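For reference, final26.cif is printed below; it contains mmCIF, C-alpha atoms.
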data_final
loop_
_atom_site.label_atom_id
_atom_site.label_comp_id
_atom_site.auth_asym_id
_atom_site.auth_seq_id
_atom_site.Cartn_x
_atom_site.Cartn_y
_atom_site.Cartn_z
CA MET R 1 60.07 -45.51 92.34
CA SER R 2 59.14 -49.19 92.33
CA SER R 3 55.54 -50.35 92.33
CA ASP R 4 56.17 -52.12 95.67
CA VAL R 5 57.22 -48.84 97.30
CA ARG R 6 54.14 -47.06 95.84
CA ARG R 7 51.91 -49.93 97.08
CA VAL R 8 53.36 -49.73 100.61
CA ARG R 9 53.00 -45.95 100.60
CA GLY R 10 49.40 -46.24 99.39
CA ILE R 11 48.57 -48.77 102.12
CA THR R 12 50.25 -46.58 104.75
CA ALA R 13 48.25 -43.57 103.55
CA ALA R 14 45.04 -45.61 103.56
CA VAL R 15 45.63 -46.81 107.13
CA ALA R 16 46.32 -43.23 108.27
CA VAL R 17 43.15 -41.98 106.57
CA ALA R 18 41.14 -44.87 108.01
CA ALA R 19 42.41 -44.03 111.51
CA ALA R 20 41.48 -40.37 111.04
CA LEU R 21 38.05 -41.21 109.66
CA THR R 22 37.35 -43.69 112.47
CA ALA R 23 37.31 -40.73 114.83
CA VAL R 24 34.29 -39.33 112.94
CA PRO R 25 31.11 -40.61 114.60
CA ALA R 26 28.62 -42.43 112.42
CA LEU R 27 25.35 -40.65 111.75
CA ALA R 28 22.48 -41.65 113.98
CA PRO R 29 19.86 -43.85 112.25
CA ALA R 30 17.36 -40.95 112.32
CA ALA R 31 19.86 -38.70 110.54
CA THR R 32 20.62 -41.26 107.85
CA ALA R 33 16.96 -42.00 107.27
CA HIS R 34 16.38 -38.37 106.25
CA ALA R 35 19.62 -37.73 104.34
CA PRO R 36 19.02 -36.37 100.80
CA ALA R 37 19.43 -38.90 97.98
CA GLY R 38 23.00 -39.17 96.72
CA THR R 39 24.61 -37.68 99.81
CA VAL R 40 27.39 -39.59 101.48
CA THR R 41 26.88 -40.88 105.00
CA VAL R 42 29.43 -42.58 107.24
CA ALA R 43 28.88 -46.31 107.65
CA ALA R 44 29.11 -48.12 110.97
CA GLY R 45 31.90 -50.70 111.36
CA PRO R 46 35.44 -50.50 109.97
CA ALA R 47 36.08 -47.26 108.11
CA THR R 48 36.05 -47.51 104.34
CA THR R 49 38.86 -45.65 102.60
CA LEU R 50 39.25 -44.75 98.94
CA VAL R 51 42.86 -44.05 97.84
CA PHE R 52 43.98 -42.80 94.43
CA ASP R 53 47.71 -43.51 94.05
CA LYS R 54 49.10 -41.49 91.12
CA ASN R 55 51.80 -43.23 89.10
CA PRO R 56 54.53 -40.67 88.23
CA ASP R 57 55.96 -43.03 85.59
CA SER R 58 52.62 -43.29 83.76
CA PRO R 59 49.64 -41.26 85.04
CA ALA R 60 47.21 -43.34 82.94
CA HIS R 61 48.39 -46.45 84.85
CA SER R 62 47.56 -45.16 88.34
CA LYS R 63 45.47 -47.10 90.88
CA LEU R 64 42.26 -46.47 92.78
CA SER R 65 42.00 -48.75 95.83
CA VAL R 66 39.18 -49.49 98.27
CA TYR R 67 40.06 -50.45 101.86
CA GLU R 68 37.72 -51.65 104.59
CA GLY R 69 39.67 -50.86 107.74
CA ASP R 70 43.21 -51.93 106.80
CA LYS R 71 42.02 -54.71 104.46
CA LEU R 72 42.38 -54.10 100.72
CA GLN R 73 39.03 -54.91 99.09
CA ALA R 74 39.68 -53.90 95.47
CA THR R 75 42.11 -52.08 93.19
CA TYR R 76 41.22 -50.61 89.81
CA ARG R 77 43.41 -49.11 87.10
CA ALA R 78 42.68 -45.39 86.83
CA GLY R 79 44.02 -42.28 85.16
CA SER R 80 44.03 -38.55 85.91
CA GLY R 81 44.93 -35.74 83.52
CA THR R 82 46.35 -35.90 80.02
CA GLY R 83 49.84 -36.97 81.12
CA VAL R 84 50.73 -33.57 82.62
CA LYS R 85 52.02 -34.08 86.19
CA ASP R 86 51.62 -30.43 87.21
CA ASP R 87 48.42 -30.35 89.28
CA CYS R 88 48.12 -26.57 88.76
CA VAL R 89 47.42 -26.88 85.02
CA ARG R 90 43.67 -26.56 84.40
CA ALA R 91 42.03 -29.31 82.31
CA GLU R 92 45.31 -31.18 81.72
CA GLY R 93 47.18 -31.66 84.99
CA TRP R 94 46.55 -34.61 87.25
CA MET R 95 44.57 -34.33 90.47
CA PRO R 96 46.29 -32.56 93.40
CA ASN R 97 47.28 -34.67 96.41
CA GLY R 98 45.08 -34.35 99.47
CA ASN R 99 41.86 -35.41 101.12
CA TRP R 100 38.97 -34.66 98.73
CA ARG R 101 35.54 -34.62 100.37
CA ILE R 102 32.94 -36.63 98.47
CA LYS R 103 30.00 -34.31 97.79
CA LEU R 104 27.74 -36.65 95.82
CA LYS R 105 27.59 -40.15 94.38
CA ASP R 106 25.13 -40.93 91.60
CA PRO R 107 24.83 -43.90 89.22
CA PHE R 108 22.59 -41.78 86.91
CA TYR R 109 24.50 -38.50 86.90
CA ASP R 110 23.38 -36.20 84.10
CA GLY R 111 26.00 -33.48 83.79
CA ARG R 112 26.89 -31.60 80.64
CA LEU R 113 30.09 -33.62 80.10
CA ILE R 114 29.93 -36.43 82.67
CA LYS R 115 27.08 -38.91 82.67
CA GLY R 116 26.22 -42.18 84.37
CA TYR R 117 28.19 -43.49 87.35
CA ALA R 118 29.92 -40.50 88.94
CA VAL R 119 31.34 -39.36 92.28
CA HIS R 120 31.48 -35.56 92.58
CA LEU R 121 34.35 -34.20 94.70
CA GLN R 122 34.83 -30.90 96.50
CA ASP R 123 36.83 -28.08 94.91
CA MET R 124 40.48 -27.93 96.03
CA LYS R 125 43.47 -25.64 95.44
CA CYS R 126 46.40 -27.09 93.54
CA SER R 127 49.74 -27.68 95.27
CA ARG R 128 51.06 -24.13 94.65
CA GLY R 129 47.73 -22.51 95.53
CA THR R 130 47.59 -20.71 92.17
CA LEU R 131 44.46 -22.45 90.90
CA THR R 132 41.37 -24.06 92.38
CA ARG R 133 40.50 -27.34 90.68
CA THR R 134 36.74 -27.44 90.22
CA GLU R 135 34.24 -29.94 88.82
CA MET R 136 36.41 -32.90 89.79
CA PHE R 137 34.88 -36.39 89.67
CA ILE R 138 35.56 -40.09 89.72
CA HIS R 139 33.85 -41.15 86.48
CA SER R 140 34.03 -43.07 83.22
CA GLU R 141 32.70 -42.65 79.67
CA MET R 142 29.07 -43.74 79.34
CA ASN R 143 25.49 -42.63 78.86
CA ARG R 144 23.36 -41.50 81.80
CA ASP R 145 21.90 -45.03 82.11
CA GLY R 146 25.39 -46.59 82.36
CA GLY R 147 25.33 -47.99 78.82
CA GLN R 148 27.80 -47.24 76.06
CA GLY R 149 26.97 -44.52 73.56
CA SER R 150 28.00 -43.92 69.96
CA THR R 151 30.11 -40.76 70.44
CA GLU R 152 33.68 -40.88 71.79
CA SER R 153 32.83 -39.08 75.03
CA ARG R 154 30.10 -41.68 75.76
CA ARG R 155 31.98 -44.78 74.56
CA TRP R 156 35.02 -46.46 76.16
CA ASP R 157 37.58 -47.23 73.45
CA GLY R 158 40.54 -48.51 75.47
CA ASP R 159 43.81 -47.28 76.95
CA THR R 160 43.59 -43.69 75.67
CA ASP R 161 40.29 -43.25 77.53
CA TYR R 162 42.09 -43.26 80.90
CA LYS R 163 43.10 -39.66 80.09
CA SER R 164 40.93 -36.92 81.57
CA ASN R 165 40.81 -33.21 82.35
CA GLY R 166 42.15 -34.07 85.81
CA CYS R 167 39.37 -36.26 87.19
CA VAL R 168 39.97 -39.85 88.27
CA LYS R 169 38.81 -41.96 85.34
CA LEU R 170 37.95 -45.68 85.43
CA ARG R 171 36.75 -48.25 82.88
CA PRO R 172 32.92 -48.45 82.87
CA ALA R 173 32.94 -52.00 84.28
CA ASP R 174 35.31 -50.96 87.09
CA ILE R 175 33.31 -47.94 88.26
CA LYS R 176 30.17 -50.10 88.34
CA LYS R 177 32.04 -52.71 90.44
CA MET R 178 33.29 -49.94 92.75
CA PHE R 179 29.74 -48.61 93.28
CA ARG R 180 28.45 -52.13 94.08
CA LEU R 181 31.30 -52.73 96.53
CA LEU R 182 30.93 -49.37 98.30
CA ASN R 183 27.14 -49.72 98.46
CA ARG R 184 27.74 -53.03 100.25
CA ILE R 185 30.56 -52.09 102.67
CA GLY R 186 29.79 -48.38 103.10
CA TRP R 187 30.92 -45.24 101.34
CA PRO R 188 33.89 -43.21 102.61
CA THR R 189 33.49 -39.50 103.17
CA HIS R 190 36.71 -38.63 101.29
CA LEU R 191 38.99 -39.67 98.46
CA ARG R 192 42.65 -39.63 99.51
CA VAL R 193 45.00 -38.71 96.63
CA VAL R 194 48.69 -39.61 96.98
CA SER R 195 51.73 -39.87 94.69
#
Would you write out, as structure tokens, the structure that this file holds?
Amino acid sequence: MSSDVRRVRGITAAVAVAAALTAVPALAPAATAHAPAGTVTVAAGPATTLVFDKNPDSPAHSKLSVYEGDKLQATYRAGSGTGVKDDCVRAEGWMPNGNWRIKLKDPFYDGRLIKGYAVHLQDMKCSRGTLTRTEMFIHSEMNRDGGQGSTESRRWDGDTDYKSNGCVKLRPADIKKMFRLLNRIGWPTHLRVVS
């Protein structure tokens, strides 16, 4: 499949998701003022959409795109999985297609394996329904403070670091840019995964 066809399909999916999310009313100012830290609230204005377009030819060369309404704001190279295209393979397969609810966003996440800039996603069944994919994130390799560490899991070394246990993985500089952009234009409530 050509990259132009994937790009058109990704844009079409983003527009469809944006239309669906536009129907969700924005939270009232009083509700947003008391929302717990790190929770995702719907922004007023054009819907923001986050689309992960998996590349079947090379999963480590997939794309994560940010749309504001139907306008493309940014695209980042991203990977998911270890190269295994079966989304029902735990810790190796790429992320299942679908609409993943964003549970939490945190630039100082302090998980056991994932640290720093991270977006925690809901659990979701794989395409055959044989496995629930849990602990799925959009993340990178870094320390909790966003800096680079000395061990491999905390230091970005290049192309091989786009591989993951299924999560969407970005370069440290790209996930920081994505957070700045989404903090400015508004965070979506879901990540749309397509292939």
Worksheet item: Where does the PyMOL selection byres ((chain R and resi 103) around 6) land in this file, that is, which residues does it pick, as a PyMOL selection string?
Response: chain R and resi 102+104+120-121
For the residues selected in the previous step, produce a file with C-alpha atoms as a JSON list (two decimals), keeping the file's coordinate frame.
[["chain", "number", "residue", "atom", "x", "y", "z"],
["R", 102, "ILE", "CA", 32.94, -36.63, 98.47],
["R", 104, "LEU", "CA", 27.74, -36.65, 95.82],
["R", 120, "HIS", "CA", 31.48, -35.56, 92.58],
["R", 121, "LEU", "CA", 34.35, -34.20, 94.70]]
Worksheet entry | Selection dump of the PyMOL selection byres ((chain R and resi 88) around 12), as a PyMOL selection string | chain R and resi 81+84-87+89-97+124-134+165-166
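Residues with any atom within 6 Å of the point (41.9, -48.4, 100.5), counting all atoms listed in the file, are Ala14, Thr49, Leu50, Val51, Ser65, Val66, Tyr67 and Leu72 of chain R.
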Practice prompt. Report as a list in words the full result of the PyMOL selection byres ((chain R and resi 184-195) around 6) when it is applied to this structure.
Written response: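 Applying the expression gives Ala43, Thr48, Thr49, Leu50, Val51, Phe52, Asp53, Lys54, Asn97, Gly98, Asn99, Trp100, Arg101, Ile102, Leu181, Leu182 and Asn183 of chain R.
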Discussion item. What's the separation between atom CA of Lys115 of chain R and atom CA of Arg77 of chain R, in Å to one decimal place?
Written reply: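 Computing the Euclidean distance for atom CA of Lys115 of chain R and atom CA of Arg77 of chain R yields 19.8 Å.
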Practice prompt. Between R:Lys105, R:Lys71, R:His61, R:Lys176, single out the one closest to Val119 of chain R, counting all atoms listed in the file.
Written response: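 With all atoms listed in the file as the atom set, the closest residue is R:Lys105.
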Quick one: contact table of segment 45-134 of chain R to segment 169-173 of chain R, 10 Å max, nearest atom pair and distance in Å to one decimal per residue, counting only C-alpha atoms, chain and number order, as JSON lines?
{"residue": "R:Ala60", "atom": "CA", "partner": "R:Lys169", "partner_atom": "CA", "distance": 8.8}
{"residue": "R:Ser62", "atom": "CA", "partner": "R:Lys169", "partner_atom": "CA", "distance": 9.8}
{"residue": "R:Lys63", "atom": "CA", "partner": "R:Leu170", "partner_atom": "CA", "distance": 9.4}
{"residue": "R:Leu64", "atom": "CA", "partner": "R:Leu170", "partner_atom": "CA", "distance": 8.6}
{"residue": "R:Tyr76", "atom": "CA", "partner": "R:Leu170", "partner_atom": "CA", "distance": 7.4}
{"residue": "R:Arg77", "atom": "CA", "partner": "R:Leu170", "partner_atom": "CA", "distance": 6.7}
{"residue": "R:Ala78", "atom": "CA", "partner": "R:Leu170", "partner_atom": "CA", "distance": 4.9}
{"residue": "R:Gly79", "atom": "CA", "partner": "R:Lys169", "partner_atom": "CA", "distance": 5.2}
{"residue": "R:Ser80", "atom": "CA", "partner": "R:Lys169", "partner_atom": "CA", "distance": 6.3}
{"residue": "R:Gly81", "atom": "CA", "partner": "R:Lys169", "partner_atom": "CA", "distance": 8.9}
{"residue": "R:Gly116", "atom": "CA", "partner": "R:Pro172", "partner_atom": "CA", "distance": 9.3}
{"residue": "R:Tyr117", "atom": "CA", "partner": "R:Pro172", "partner_atom": "CA", "distance": 8.2}
{"residue": "R:Ala118", "atom": "CA", "partner": "R:Lys169", "partner_atom": "CA", "distance": 9.7}
Worksheet item: atom CA of Asp70 of chain R to atom CA of Pro46 of chain R: how many Å, to one decimal?
Response: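 Spanning atom CA of Asp70 of chain R to atom CA of Pro46 of chain R is a straight-line distance of 8.5 Å.
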Item to complete: Rounded to one decimal place, report the atom CA of Glu135 of chain R-atom CA of Asp123 of chain R distance in Å.
Response: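 Those two atoms sit 6.9 Å apart.
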